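Below: input-v2.cif (mmCIF, C-alpha atoms)
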data_start
loop_
_atom_site.label_atom_id
_atom_site.label_comp_id
_atom_site.auth_asym_id
_atom_site.auth_seq_id
_atom_site.Cartn_x
_atom_site.Cartn_y
_atom_site.Cartn_z
CA MET D 1 17.69 13.86 10.27
CA ALA D 2 16.63 11.26 12.84
CA GLU D 3 13.02 12.21 12.26
CA HIS D 4 13.49 11.75 8.53
CA ALA D 5 14.84 8.23 9.11
CA ALA D 6 12.16 7.33 11.65
CA ALA D 7 9.45 8.33 9.16
CA HIS D 8 10.72 5.63 6.79
CA VAL D 9 10.89 2.73 9.28
CA ALA D 10 8.07 0.28 8.64
CA HIS D 11 6.16 -0.86 11.73
CA GLN D 12 7.61 -4.39 11.76
CA PHE D 13 11.17 -3.09 12.35
CA ASP D 14 12.74 -1.89 15.59
CA ASP D 15 14.86 0.80 13.95
CA ALA D 16 16.38 2.02 10.69
CA GLU D 17 19.49 -0.17 11.03
CA GLN D 18 17.43 -3.35 11.36
CA GLN D 19 15.31 -2.32 8.38
CA GLN D 20 18.41 -1.71 6.27
CA ALA D 21 19.96 -5.07 7.29
CA ALA D 22 16.72 -6.88 6.43
CA SER D 23 16.40 -5.25 3.02
CA GLU D 24 20.02 -6.05 2.15
CA LEU D 25 19.61 -9.70 3.18
CA GLY D 26 16.42 -9.89 1.12
CA MET D 27 18.22 -8.50 -1.94
CA TRP D 28 21.14 -10.92 -1.59
CA ILE D 29 18.72 -13.85 -1.35
CA PHE D 30 16.94 -12.59 -4.46
CA LEU D 31 20.30 -12.35 -6.23
CA ALA D 32 21.05 -15.97 -5.22
CA THR D 33 17.84 -16.99 -7.01
CA GLU D 34 19.02 -14.97 -10.00
CA VAL D 35 22.27 -16.95 -10.02
CA MET D 36 20.08 -20.07 -10.26
CA PHE D 37 18.01 -18.48 -13.02
CA PHE D 38 21.04 -17.82 -15.22
CA GLY D 39 22.61 -21.07 -13.94
CA GLY D 40 20.16 -23.22 -15.92
CA MET D 41 21.29 -21.60 -19.17
CA ILE D 42 24.96 -21.80 -18.15
CA LEU D 43 24.51 -25.53 -17.44
CA ALA D 44 22.91 -26.08 -20.87
CA TYR D 45 25.80 -24.17 -22.41
CA THR D 46 28.39 -26.27 -20.49
CA VAL D 47 26.84 -29.57 -21.60
CA TYR D 48 26.60 -28.59 -25.27
CA ARG D 49 30.02 -26.98 -25.39
CA PHE D 50 31.45 -30.21 -23.94
CA THR D 51 29.56 -32.19 -26.57
CA TYR D 52 30.38 -29.93 -29.57
CA PRO D 53 33.68 -28.14 -28.74
CA LEU D 54 34.77 -27.28 -32.29
CA PRO D 55 31.39 -26.12 -33.67
CA PHE D 56 31.03 -23.88 -30.59
CA ALA D 57 34.48 -22.38 -31.25
CA HIS D 58 33.56 -21.78 -34.91
CA ALA D 59 30.21 -20.25 -33.95
CA SER D 60 31.93 -17.94 -31.46
CA GLN D 61 34.17 -16.64 -34.28
CA HIS D 62 31.06 -14.90 -35.71
CA LEU D 63 31.04 -12.62 -32.63
CA ASP D 64 33.16 -9.46 -32.42
CA ALA D 65 35.34 -9.84 -29.29
CA ILE D 66 36.39 -6.17 -29.49
CA LEU D 67 32.75 -5.02 -29.37
CA GLY D 68 32.14 -7.47 -26.53
CA GLY D 69 35.16 -6.11 -24.66
CA VAL D 70 34.12 -2.49 -25.23
CA ASN D 71 30.64 -3.27 -23.96
CA THR D 72 32.17 -4.90 -20.89
CA GLY D 73 34.05 -1.66 -20.27
CA VAL D 74 30.82 0.34 -20.66
CA LEU D 75 29.04 -1.86 -18.11
CA LEU D 76 31.99 -1.78 -15.68
CA GLY D 77 31.94 2.00 -15.99
CA SER D 78 28.25 2.02 -15.06
CA SER D 79 29.01 -0.15 -12.02
CA PHE D 80 31.66 2.39 -11.02
CA THR D 81 29.14 5.23 -11.24
CA VAL D 82 26.60 3.18 -9.24
CA ALA D 83 29.24 2.68 -6.52
CA LEU D 84 29.74 6.48 -6.60
CA ALA D 85 25.97 7.02 -6.36
CA VAL D 86 25.72 4.79 -3.26
CA HIS D 87 28.66 6.65 -1.72
CA ALA D 88 26.95 9.97 -2.50
CA ALA D 89 23.71 8.75 -0.91
CA ARG D 90 25.58 7.68 2.23
CA THR D 91 27.29 11.05 2.55
CA GLY D 92 24.31 13.14 1.46
CA ALA D 93 26.03 14.55 -1.65
CA ARG D 94 22.88 15.20 -3.67
CA ARG D 95 24.50 16.60 -6.83
CA LEU D 96 26.99 13.72 -7.06
CA LEU D 97 24.12 11.27 -6.48
CA LEU D 98 22.05 12.76 -9.33
CA GLY D 99 25.05 13.02 -11.65
CA ALA D 100 26.24 9.46 -11.00
CA LEU D 101 22.73 8.06 -11.53
CA GLY D 102 22.42 10.04 -14.78
CA VAL D 103 25.71 8.70 -16.15
CA THR D 104 24.68 5.16 -15.08
CA ILE D 105 21.43 5.38 -17.04
CA VAL D 106 23.26 6.74 -20.12
CA LEU D 107 25.92 3.99 -19.97
CA GLY D 108 23.16 1.36 -19.66
CA GLY D 109 21.61 2.81 -22.81
CA VAL D 110 24.98 2.76 -24.63
CA PHE D 111 25.39 -0.93 -23.73
CA LEU D 112 21.93 -1.76 -25.09
CA ALA D 113 22.62 0.22 -28.29
CA ILE D 114 25.87 -1.70 -28.96
CA LYS D 115 24.09 -4.98 -28.14
CA GLY D 116 21.27 -4.06 -30.53
CA TYR D 117 23.79 -3.25 -33.28
CA GLU D 118 25.36 -6.71 -32.79
CA TRP D 119 21.97 -8.46 -32.90
CA HIS D 120 21.13 -6.61 -36.12
CA HIS D 121 24.47 -7.72 -37.57
CA HIS D 122 23.73 -11.38 -36.67
CA TYR D 123 20.36 -11.08 -38.38
CA ARG D 124 21.98 -9.78 -41.56
CA GLU D 125 24.56 -12.59 -41.39
CA GLY D 126 21.72 -15.10 -41.00
CA LEU D 127 22.69 -16.38 -37.58
CA VAL D 128 19.31 -16.15 -35.83
CA PRO D 129 17.93 -19.69 -35.31
CA GLY D 130 14.26 -19.99 -36.19
CA VAL D 131 14.17 -16.59 -37.87
CA ARG D 132 16.99 -16.32 -40.39
CA PHE D 133 19.60 -19.06 -40.15
CA ILE D 134 21.91 -19.64 -43.12
CA PRO D 135 24.76 -22.01 -41.99
CA THR D 136 24.68 -25.45 -43.63
CA GLY D 137 26.86 -28.54 -43.43
CA PRO D 138 27.74 -30.98 -40.62
CA GLU D 139 28.24 -28.27 -37.98
CA ALA D 140 25.07 -26.29 -38.72
CA ASN D 141 22.96 -27.86 -35.96
CA ALA D 142 25.58 -27.31 -33.25
CA ILE D 143 26.19 -23.74 -34.44
CA GLY D 144 22.43 -23.25 -34.19
CA LEU D 145 22.56 -24.50 -30.58
CA PHE D 146 25.30 -21.98 -29.77
CA PHE D 147 23.24 -19.13 -31.17
CA TRP D 148 20.07 -20.29 -29.37
CA LEU D 149 22.04 -20.09 -26.11
CA TYR D 150 23.67 -16.81 -27.18
CA PHE D 151 20.35 -15.10 -27.86
CA ALA D 152 18.73 -16.58 -24.74
CA MET D 153 21.55 -15.46 -22.44
CA THR D 154 22.25 -12.02 -23.98
CA GLY D 155 18.50 -11.44 -24.39
CA VAL D 156 17.65 -12.22 -20.76
CA HIS D 157 20.67 -10.18 -19.68
CA ALA D 158 19.50 -7.21 -21.77
CA LEU D 159 16.03 -7.58 -20.22
CA HIS D 160 17.61 -7.40 -16.76
CA LEU D 161 19.58 -4.33 -17.79
CA THR D 162 16.42 -2.67 -19.17
CA ILE D 163 14.70 -3.29 -15.82
CA GLY D 164 17.81 -1.88 -14.10
CA ILE D 165 17.61 1.30 -16.20
CA GLY D 166 13.94 1.65 -15.21
CA VAL D 167 14.78 1.16 -11.52
CA MET D 168 17.64 3.68 -11.69
CA THR D 169 15.32 6.20 -13.40
CA VAL D 170 12.85 5.89 -10.49
CA ILE D 171 15.72 6.19 -7.96
CA ALA D 172 17.01 9.31 -9.76
CA PHE D 173 13.50 10.82 -9.69
CA LEU D 174 13.19 10.13 -5.94
CA ALA D 175 16.68 11.57 -5.35
CA TRP D 176 15.71 14.68 -7.31
CA ARG D 177 12.64 15.02 -5.07
CA GLY D 178 14.99 14.94 -2.04
CA HIS D 179 13.69 11.55 -0.88
CA PHE D 180 17.05 10.25 0.43
CA SER D 181 19.38 11.22 3.27
CA PRO D 182 22.45 9.67 4.94
CA ALA D 183 20.03 8.24 7.53
CA TYR D 184 17.65 6.74 4.94
CA HIS D 185 18.80 5.59 1.50
CA ASN D 186 17.94 1.86 1.43
CA PRO D 187 16.51 1.99 -2.13
CA VAL D 188 19.79 3.37 -3.54
CA GLU D 189 21.80 0.57 -1.88
CA ILE D 190 19.38 -2.16 -2.99
CA ALA D 191 19.10 -0.91 -6.58
CA GLY D 192 22.90 -0.70 -6.65
CA LEU D 193 23.23 -4.38 -5.62
CA TYR D 194 20.93 -5.37 -8.50
CA TRP D 195 22.89 -3.30 -11.01
CA HIS D 196 26.22 -4.83 -9.93
CA PHE D 197 24.72 -8.32 -10.27
CA VAL D 198 23.71 -7.62 -13.88
CA ASP D 199 27.30 -6.47 -14.44
CA ILE D 200 28.65 -9.75 -12.98
CA VAL D 201 26.46 -11.82 -15.31
CA TRP D 202 28.01 -10.01 -18.28
CA ILE D 203 31.53 -10.50 -16.86
CA PHE D 204 30.93 -14.26 -17.31
CA LEU D 205 29.08 -13.99 -20.65
CA LEU D 206 32.11 -12.28 -22.26
CA PRO D 207 34.49 -15.29 -22.01
CA ILE D 208 31.89 -18.04 -22.59
CA LEU D 209 30.34 -16.40 -25.68
CA TYR D 210 32.88 -14.06 -27.30
CA LEU D 211 36.26 -15.53 -26.44
CA VAL D 212 35.76 -19.22 -27.29
CA GLY D 213 36.98 -19.34 -30.87
CA ARG D 214 39.59 -16.59 -31.05
CA HIS D 215 42.48 -19.07 -31.09
CA ALA D 216 40.69 -22.04 -32.69
CA PRO D 217 41.54 -23.32 -36.19
CA MET N 1 42.17 2.12 1.66
CA THR N 2 38.69 2.87 3.00
CA ALA N 3 35.57 2.53 0.86
CA GLY N 4 35.12 5.68 -1.17
CA PRO N 5 35.51 7.19 -4.64
CA ARG N 6 39.30 6.67 -4.75
CA LEU N 7 39.05 2.96 -3.94
CA TYR N 8 36.21 2.55 -6.47
CA LEU N 9 38.33 4.23 -9.15
CA VAL N 10 41.26 1.88 -8.47
CA VAL N 11 38.94 -1.16 -8.63
CA PHE N 12 37.39 0.16 -11.87
CA VAL N 13 40.81 0.61 -13.53
CA VAL N 14 41.88 -2.92 -12.46
CA LEU N 15 38.61 -4.30 -13.89
CA LEU N 16 39.24 -2.53 -17.22
CA ALA N 17 42.81 -3.87 -17.33
CA LEU N 18 41.62 -7.43 -16.65
CA THR N 19 39.02 -7.06 -19.43
CA ALA N 20 41.67 -5.96 -21.93
CA LEU N 21 43.93 -8.79 -20.74
CA THR N 22 41.29 -11.50 -21.20
CA VAL N 23 40.38 -10.28 -24.71
CA LEU N 24 44.07 -10.18 -25.73
CA ILE N 25 44.94 -13.58 -24.23
CA ALA N 26 41.96 -15.16 -25.99
CA SER N 27 43.71 -14.85 -29.39
CA VAL N 28 46.82 -16.67 -28.13
CA ASP N 29 46.60 -20.45 -28.43
CA LEU N 30 47.34 -21.89 -24.97
CA GLY N 31 45.93 -25.31 -25.75
CA PRO N 32 43.61 -26.54 -22.99
CA LEU N 33 44.46 -23.56 -20.77
CA ASN N 34 42.51 -20.87 -22.68
CA THR N 35 39.12 -21.59 -21.13
CA PRO N 36 40.28 -22.08 -17.49
CA LEU N 37 42.31 -18.87 -17.72
CA ALA N 38 39.42 -16.84 -19.18
CA LEU N 39 37.08 -18.18 -16.47
CA ALA N 40 39.65 -17.47 -13.74
CA ILE N 41 39.96 -13.84 -14.91
CA ALA N 42 36.14 -13.56 -14.99
CA ALA N 43 35.92 -15.02 -11.46
CA GLY N 44 38.57 -12.54 -10.28
CA LYS N 45 36.64 -9.62 -11.80
CA ALA N 46 33.37 -10.82 -10.26
CA THR N 47 35.10 -11.14 -6.87
CA LEU N 48 36.32 -7.52 -7.11
CA VAL N 49 32.79 -6.31 -7.93
CA VAL N 50 31.23 -8.34 -5.09
CA LEU N 51 33.81 -7.35 -2.44
CA PHE N 52 34.19 -3.64 -3.19
CA PHE N 53 31.28 -2.35 -5.32
CA MET N 54 28.71 -4.50 -3.49
CA HIS N 55 30.48 -3.94 -0.14
CA LEU N 56 30.51 -7.61 0.83
CA LYS N 57 34.00 -7.07 2.28
CA ASP N 58 32.54 -5.15 5.24
CA ALA N 59 29.18 -6.97 5.35
CA PRO N 60 27.94 -9.21 8.18
CA GLY N 61 28.41 -12.98 7.85
CA ILE N 62 24.79 -13.63 6.96
CA LEU N 63 25.23 -11.75 3.65
CA TRP N 64 28.31 -13.88 2.86
CA LEU N 65 26.11 -16.92 3.50
CA ALA N 66 23.39 -15.69 1.12
CA ALA N 67 25.92 -14.76 -1.57
CA GLY N 68 27.88 -17.99 -1.17
CA ALA N 69 24.73 -20.15 -1.26
CA GLY N 70 23.92 -19.07 -4.82
CA PHE N 71 27.35 -19.89 -6.20
CA PHE N 72 27.64 -23.09 -4.11
CA TRP N 73 24.36 -24.36 -5.55
CA LEU N 74 25.45 -23.39 -9.06
CA GLY N 75 28.60 -25.48 -8.46
CA ILE N 76 26.48 -28.50 -7.47
CA LEU N 77 24.28 -28.02 -10.54
CA ILE N 78 27.19 -27.98 -12.98
CA LEU N 79 29.58 -30.44 -11.26
CA LEU N 80 27.04 -33.22 -10.67
CA THR N 81 25.57 -32.87 -14.16
CA MET N 82 28.99 -32.90 -15.81
CA SER N 83 30.11 -35.86 -13.67
CA ASP N 84 27.45 -37.76 -15.64
CA VAL N 85 27.76 -36.15 -19.09
CA ALA N 86 31.57 -36.07 -19.14
CA THR N 87 32.04 -39.69 -18.06
CA ARG N 88 29.56 -41.42 -20.34
CA GLY N 89 31.20 -44.08 -22.49
CA ILE N 90 34.39 -44.30 -20.42
CA LEU N 91 33.71 -47.88 -19.27
CA PRO N 92 33.31 -50.43 -22.07
CA ILE N 93 30.17 -52.05 -20.74
CA PRO N 94 29.04 -54.87 -23.02
CA GLY N 95 25.59 -54.52 -24.50
CA LYS N 96 25.40 -50.80 -23.75
#
Produce structure tokens that represent the structure in this file.
Amino acid sequence: MAEHAAAHVAHQFDDAEQQQAASELGMWIFLATEVMFFGGMILAYTVYRFTYPLPFAHASQHLDAILGGVNTGVLLGSSFTVALAVHAARTGARRLLLGALGVTIVLGGVFLAIKGYEWHHHYREGLVPGVRFIPTGPEANAIGLFFWLYFAMTGVHALHLTIGIGVMTVIAFLAWRGHFSPAYHNPVEIAGLYWHFVDIVWIFLLPILYLVGRHAP
Amino acid sequence: MTAGPRLYLVVFVVLLALTALTVLIASVDLGPLNTPLALAIAAGKATLVVLFFMHLKDAPGILWLAAGAGFFWLGILILLTMSDVATRGILPIPGK
């Protein structure tokens, strides 16, 4: 076991523990930059929602809060299975690791399928600015702004999730090849942090996109 | 409860309950409280994910620093910008 870990320590590190601490710090710093990345869009959303409160509420009524809630559950479920996968990697439970990663990848796919169904529905309703946008009247421009932000935020989030599915597929392949052990499983931990971050982004997108206009006139 | 499948299951169930709660509350008109409440529930859910799923609870201080820096800077970004946008036109300055 110790030999297995030592084989994976890059030459700039003293030992496996230092390497693991460095990779976790690096991932957290990357995630802080990701907060900034989504933060620009959240700031634009905040400014325009402050400026056009009622049109934003009316635009939000076009979204299905139940579908949004179900998709939140799907993503939370995938975070649960990722937490299980990391636990399995730490304890060397190979079958649990493979199973948890498999369910994670499937749940990620289910989320994207539901998201795709919603996007298709918006297209048919004519709510895609620049492509097929039907609303007219005094609120049309502000509703267009809401849907620009909606497609930008959900689109970039879906891109992140697609990357996450790719990463988890590689991790599952490596796990299947017996690449990880309790002494060395940095990639599982790091990929898990990324997946949970994508989950957190969606936790905030649910209230600011889907739940704005549920009680509005 | 130590970190492990049982703790993760409890956290997952709480997260699902909070999601159902926020969707249900959204259709009740609470006046100006709807948005702060929805954001507070989201912040609570994110905190659960960060502390337990991402293991920040047992992580060294330097990871708390890295995690906190992102959200702290996001706070600056939004608060300072809104301190401008939200207060425009409050003072009746002649000739403006």
Quick check on the file I pasted: which residues fall under the PyMOL selection byres ((chain D) within 8 of (chain N))? Write them as a ChimeraX atom specification. /D:24-25,28-29,31-33,35-36,39,43,46-47,50,65-66,69,72-73,76-77,79-80,83-84,87,192-193,196,200,203-204,207,211-212,214-216
Starting from the shown file, work through the PyMOL selection byres ((chain D and resi 184) around 8) and note down what comes out as an MDAnalysis selection string. chainID D and resid 4:5 8 16 180:183 185:186
Please dump the current selection as a compact mmCIF listing (two decimals), keeping the file's coordinate frame; keep C-alpha atoms.
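Output (part.txt):
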# COMPACT_ATOMS: atom_id res chain seq x y z
CA HIS D 4 13.49 11.75 8.53
CA ALA D 5 14.84 8.23 9.11
CA HIS D 8 10.72 5.63 6.79
CA ALA D 16 16.38 2.02 10.69
CA PHE D 180 17.05 10.25 0.43
CA SER D 181 19.38 11.22 3.27
CA PRO D 182 22.45 9.67 4.94
CA ALA D 183 20.03 8.24 7.53
CA HIS D 185 18.80 5.59 1.50
CA ASN D 186 17.94 1.86 1.43
Between D:Val198, D:Ile171, D:Leu127, D:Val188, which one has atoms that come closest to Leu75 of chain D, using all atoms listed in the file? D:Val198
Selection under test: the PyMOL selection byres ((chain D and resi 151) around 12); residues as a PyMOL selection string: chain D and resi 41+45+63+115-116+118-120+122-123+127-131+144-150+152-159+205+209
I need the residue nearest Ile114 of chain D from this list: D:Ala88, D:Val74, D:Tyr194, D:Glu17. Use all atoms listed in the file for the distance. D:Val74
Taken to one decimal, the atom CA of Tyr52 of chain D-atom CA of Phe37 of chain D distance is 23.6 Å
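Rounded to one decimal, atom CA of Gln19 of chain D and atom CA of Ile190 of chain D lie 12.1 Å from each other.
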Nearby residues, (29.9, -27.6, -33.3) file frame, 10 Å, only C-alpha atoms, as JSON, numbers by chain: {"D": [48, 49, 50, 51, 52, 53, 54, 55, 56, 57, 58, 59, 138, 139, 140, 141, 142, 143, 144, 145, 146]}
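The residue that comes closest to Leu97 of chain D, out of D:Pro135, D:Gly164, D:Gly178, D:Gly68 and on the basis of all atoms listed in the file, is D:Gly178.
Separating atom CA of Val110 of chain D from atom CA of Arg90 of chain D is a distance of 27.3 Å.
Nearest residue to Ala89 of chain D, choosing from D:Leu101, D:Val9, D:Ala113, D:Ile208 and counting only C-alpha atoms: D:Leu101.
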Coordinates of box centre and edge lengths for segment 66-80 of chain N, 4 Å on every side, axis-aligned, as lines of an AutoDock Vina configuration file:
center_x = 26.5
center_y = -24.0
center_z = -5.9
size_x = 14.2
size_y = 26.5
size_z = 22.1
